[in-house]
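Source file: my_file-v9.txt; contents: compact mmCIF, C-alpha atoms.
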# COMPACT_ATOMS: atom_id res chain seq x y z
CA MET Z 27 203.11 32.43 47.20
CA GLU Z 28 205.39 33.31 50.02
CA TRP Z 29 208.58 33.93 48.05
CA ILE Z 30 209.65 33.75 44.43
CA GLN Z 31 213.14 34.70 43.29
CA LEU Z 32 212.66 36.57 40.00
CA ASP Z 33 216.30 37.45 39.29
CA ILE Z 34 215.44 40.85 37.83
CA ASN Z 35 217.20 44.19 38.40
CA ASN Z 36 214.08 46.31 38.80
CA PRO Z 37 211.19 44.76 40.78
CA PHE Z 38 208.79 47.27 39.22
CA GLU Z 39 209.36 46.01 35.68
CA LEU Z 40 207.37 42.77 35.45
CA ASP Z 41 206.37 42.91 31.79
CA ARG Z 42 206.82 39.54 30.07
CA ILE Z 43 207.93 37.76 33.26
CA ASN Z 44 207.05 34.06 33.10
CA ILE Z 45 207.16 31.94 36.29
CA VAL Z 46 207.15 28.16 36.56
CA THR Z 47 207.74 26.17 39.76
CA THR Z 48 208.14 22.47 40.50
CA PRO Z 49 208.01 20.35 43.65
CA GLU Z 50 211.81 20.04 43.45
CA ASP Z 51 212.64 23.76 43.62
CA ASP Z 52 212.70 25.95 46.76
CA THR Z 53 209.59 27.97 45.93
CA GLN Z 54 207.09 28.08 48.81
CA SER Z 55 203.78 28.25 46.99
CA SER Z 56 200.64 27.48 48.99
CA ILE Z 57 196.90 27.97 49.15
CA TYR Z 58 195.10 28.05 52.50
CA ILE Z 59 191.51 26.88 52.92
CA GLY Z 60 190.74 28.05 56.45
CA THR Z 61 193.74 26.72 58.36
CA ARG Z 62 194.42 23.87 55.91
CA HIS Z 63 197.73 24.16 54.08
CA THR Z 64 197.65 23.18 50.39
CA PRO Z 65 201.00 23.00 48.58
CA SER Z 66 200.85 24.23 45.00
CA ASP Z 67 203.01 24.45 41.90
CA ILE Z 68 202.86 27.20 39.32
CA LYS Z 69 202.58 25.51 35.95
CA ASN Z 70 202.71 28.88 34.20
CA MET Z 71 202.28 32.49 35.38
CA LYS Z 72 202.64 35.29 32.82
CA PHE Z 73 202.74 39.03 33.46
CA ARG Z 74 201.79 41.53 30.75
CA GLN Z 75 201.96 45.27 31.36
CA ILE Z 76 198.71 47.06 30.49
CA GLU Z 77 199.43 50.46 32.10
CA LYS Z 78 202.15 52.01 34.22
CA ASP Z 79 202.39 49.84 37.35
CA LYS Z 80 199.45 47.68 36.23
CA TYR Z 81 199.79 44.13 34.89
CA GLU Z 82 197.49 41.42 33.64
CA VAL Z 83 198.49 38.11 35.24
CA ILE Z 84 197.42 34.80 33.72
CA CYS Z 85 198.13 31.73 35.83
CA GLU Z 86 197.80 27.97 35.73
CA LEU Z 87 198.33 26.52 39.22
CA PHE Z 88 198.28 22.92 40.45
CA ALA Z 89 196.75 22.74 43.96
CA GLU Z 90 197.49 19.64 46.01
CA PHE Z 91 194.23 19.74 48.01
CA GLU Z 92 194.60 16.06 48.95
CA TYR Z 93 197.65 16.99 51.10
CA GLU Z 94 195.31 17.77 54.04
CA SER Z 95 192.21 16.00 52.72
CA VAL Z 96 190.45 19.23 51.71
CA ALA Z 97 189.33 18.07 48.25
CA LYS Z 98 190.67 16.31 45.17
CA ASN Z 99 193.81 17.82 43.64
CA GLU Z 100 192.95 20.35 40.96
CA LEU Z 101 194.48 22.41 38.19
CA LEU Z 102 193.32 26.02 38.63
CA ASN Z 103 193.32 28.63 35.85
CA PHE Z 104 192.77 32.30 36.55
CA LYS Z 105 193.39 35.80 35.25
CA THR Z 106 193.70 38.91 37.42
CA ILE Z 107 195.03 42.47 37.42
CA LEU Z 108 198.05 43.33 39.57
CA GLN Z 109 198.50 46.95 40.69
CA VAL Z 110 202.08 47.60 41.85
CA ASN Z 111 202.46 49.92 44.85
CA ARG Z 112 205.84 51.69 44.60
CA ASP Z 113 205.50 53.12 48.13
CA ILE Z 114 205.98 49.74 49.83
CA LYS Z 115 209.59 49.28 50.90
CA GLU Z 116 211.29 46.15 52.25
CA GLU Z 117 212.61 46.60 55.78
Re-express the file's structure as structure tokens.
Amino acid sequence: MEWIQLDINNPFELDRINIVTTPEDDTQSSIYIGTRHTPSDIKNMKFRQIEKDKYEVICELFAEFEYESVAKNELLNFKTILQVNRDIKEE
């Protein structure tokens, strides 16, 4: 995902954030297979804090693989751990 507007005051507090995107909104969500661009939509992405600056993220993502004839479109489900780095600053 290139950019998602979260509308939160503190970008380090992600606990209980829930993200959903649609083809109609301005969210630029993509997957790249090699150089092939695959538009995607976030059906549901939930953040749950498990430690300071560490979050479990559970996501359901629709990948439009047929956009560049990579594969059949697919609904992807995954879970990962996000470690927030407070030292990174936007320029």
Just how far from atom CA of Phe88 of chain Z is atom CA of Ser56 of chain Z, in Å to one decimal?
10.0 Å
Given all atoms listed in the file as the counted atoms, nearest of Z:Asp33, Z:Glu100, Z:Arg74, Z:Asn44 to Leu87 of chain Z
Z:Glu100
Find, counting all atoms listed in the file, the residue in Z:Lys115, Z:Asn35, Z:Ile59, Z:Ile43 that gets nearest to Glu90 of chain Z.
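Distance minimum relative to Glu90 of chain Z lands on Z:Ile59.
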Spatial neighbours of Ile68 of chain Z, max dist 8 Å, only C-alpha atoms, sep filter under 2 positions, as a PyMOL selection string
chain Z and resi 45-48+55+66+70-71+85-88
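Taking atom CA of Lys105 of chain Z as the reference point, atom CA of Asp79 of chain Z is found at 16.8 Å.
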Select, from Z:Lys72, Z:Lys80, Z:Arg112, Z:Lys98, the residue with the minimum atom-to-atom distance to Arg42 of chain Z, counting all atoms listed in the file.
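Using all atoms listed in the file, the shortest distance to Arg42 of chain Z belongs to Z:Lys72.
Using only C-alpha atoms, the nearest neighbour of Ala89 of chain Z within the list Z:Ile57, Z:Ile76, Z:Ile114, Z:Ile107 is Z:Ile57.
With distances taken over all atoms listed in the file, Z:Asp67 is the one residue among Z:Glu39, Z:Asp113, Z:Asp67, Z:Glu50 lying closest to Leu101 of chain Z.
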Atom CA of Thr106 of chain Z to atom CA of Leu40 of chain Z, straight-line distance in Å
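So the two atoms, atom CA of Leu40 of chain Z and atom CA of Thr106 of chain Z, lie 14.3 Å apart.
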Select, from Z:Pro49, Z:Val110, Z:Phe38, Z:Thr64, the residue with the minimum atom-to-atom distance to Glu92 of chain Z, counting all atoms listed in the file.
Z:Thr64
7 Å contact set for Leu108 of chain Z, only C-alpha atoms, chain neighbours under 6 positions out, as a count of residues only:
4
Can you give me N, CA and C atoms for segment 47-73 of chain Z, written as a CSV table (one decimal), keeping the file's coordinate frame?
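Result file follows (part.csv):
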chain,number,residue,atom,x,y,z
Z,47,THR,N,207.1,26.8,38.6
Z,47,THR,CA,207.7,26.2,39.8
Z,47,THR,C,207.5,24.7,39.7
Z,48,THR,N,208.3,23.9,40.4
Z,48,THR,CA,208.1,22.5,40.5
Z,48,THR,C,208.3,22.0,42.0
Z,49,PRO,N,207.8,20.8,42.3
Z,49,PRO,CA,208.0,20.4,43.6
Z,49,PRO,C,209.5,20.3,44.1
Z,50,GLU,N,210.4,20.2,43.1
Z,50,GLU,CA,211.8,20.0,43.4
Z,50,GLU,C,212.5,21.4,43.8
Z,51,ASP,N,211.9,22.5,43.4
Z,51,ASP,CA,212.6,23.8,43.6
Z,51,ASP,C,212.3,24.3,45.0
Z,52,ASP,N,212.9,25.4,45.4
Z,52,ASP,CA,212.7,26.0,46.8
Z,52,ASP,C,211.5,26.9,46.9
Z,53,THR,N,210.7,27.0,45.9
Z,53,THR,CA,209.6,28.0,45.9
Z,53,THR,C,208.5,27.5,46.9
Z,54,GLN,N,208.1,28.4,47.8
Z,54,GLN,CA,207.1,28.1,48.8
Z,54,GLN,C,205.8,28.6,48.3
Z,55,SER,N,205.1,27.8,47.6
Z,55,SER,CA,203.8,28.2,47.0
Z,55,SER,C,202.7,27.4,47.7
Z,56,SER,N,201.7,28.2,48.2
Z,56,SER,CA,200.6,27.5,49.0
Z,56,SER,C,199.3,28.2,48.8
Z,57,ILE,N,198.3,27.4,49.0
Z,57,ILE,CA,196.9,28.0,49.2
Z,57,ILE,C,196.4,27.5,50.5
Z,58,TYR,N,195.7,28.4,51.2
Z,58,TYR,CA,195.1,28.0,52.5
Z,58,TYR,C,193.6,28.1,52.4
Z,59,ILE,N,193.0,27.0,52.8
Z,59,ILE,CA,191.5,26.9,52.9
Z,59,ILE,C,191.3,26.8,54.4
Z,60,GLY,N,190.8,28.0,55.0
Z,60,GLY,CA,190.7,28.0,56.4
Z,60,GLY,C,192.1,27.9,57.0
Z,61,THR,N,192.4,26.9,57.8
Z,61,THR,CA,193.7,26.7,58.4
Z,61,THR,C,194.5,25.6,57.7
Z,62,ARG,N,193.8,25.0,56.6
Z,62,ARG,CA,194.4,23.9,55.9
Z,62,ARG,C,195.4,24.3,54.9
Z,63,HIS,N,196.6,23.8,55.0
Z,63,HIS,CA,197.7,24.2,54.1
Z,63,HIS,C,197.7,23.3,52.8
Z,64,THR,N,197.7,23.9,51.7
Z,64,THR,CA,197.6,23.2,50.4
Z,64,THR,C,198.9,23.6,49.5
Z,65,PRO,N,199.9,22.7,49.5
Z,65,PRO,CA,201.0,23.0,48.6
Z,65,PRO,C,200.5,23.2,47.1
Z,66,SER,N,201.2,24.0,46.4
Z,66,SER,CA,200.8,24.2,45.0
Z,66,SER,C,202.1,24.4,44.2
Z,67,ASP,N,201.9,24.2,42.9
Z,67,ASP,CA,203.0,24.4,41.9
Z,67,ASP,C,202.5,25.3,40.8
Z,68,ILE,N,203.2,26.3,40.4
Z,68,ILE,CA,202.9,27.2,39.3
Z,68,ILE,C,203.3,26.5,38.0
Z,69,LYS,N,202.3,26.1,37.3
Z,69,LYS,CA,202.6,25.5,36.0
Z,69,LYS,C,203.0,26.6,34.9
Z,70,ASN,N,202.4,27.7,35.1
Z,70,ASN,CA,202.7,28.9,34.2
Z,70,ASN,C,202.0,30.1,34.7
Z,71,MET,N,202.8,31.2,35.0
Z,71,MET,CA,202.3,32.5,35.4
Z,71,MET,C,202.9,33.6,34.5
Z,72,LYS,N,202.1,34.3,33.7
Z,72,LYS,CA,202.6,35.3,32.8
Z,72,LYS,C,202.2,36.7,33.2
Z,73,PHE,N,203.1,37.6,33.2
Z,73,PHE,CA,202.7,39.0,33.5
Z,73,PHE,C,202.8,39.8,32.2
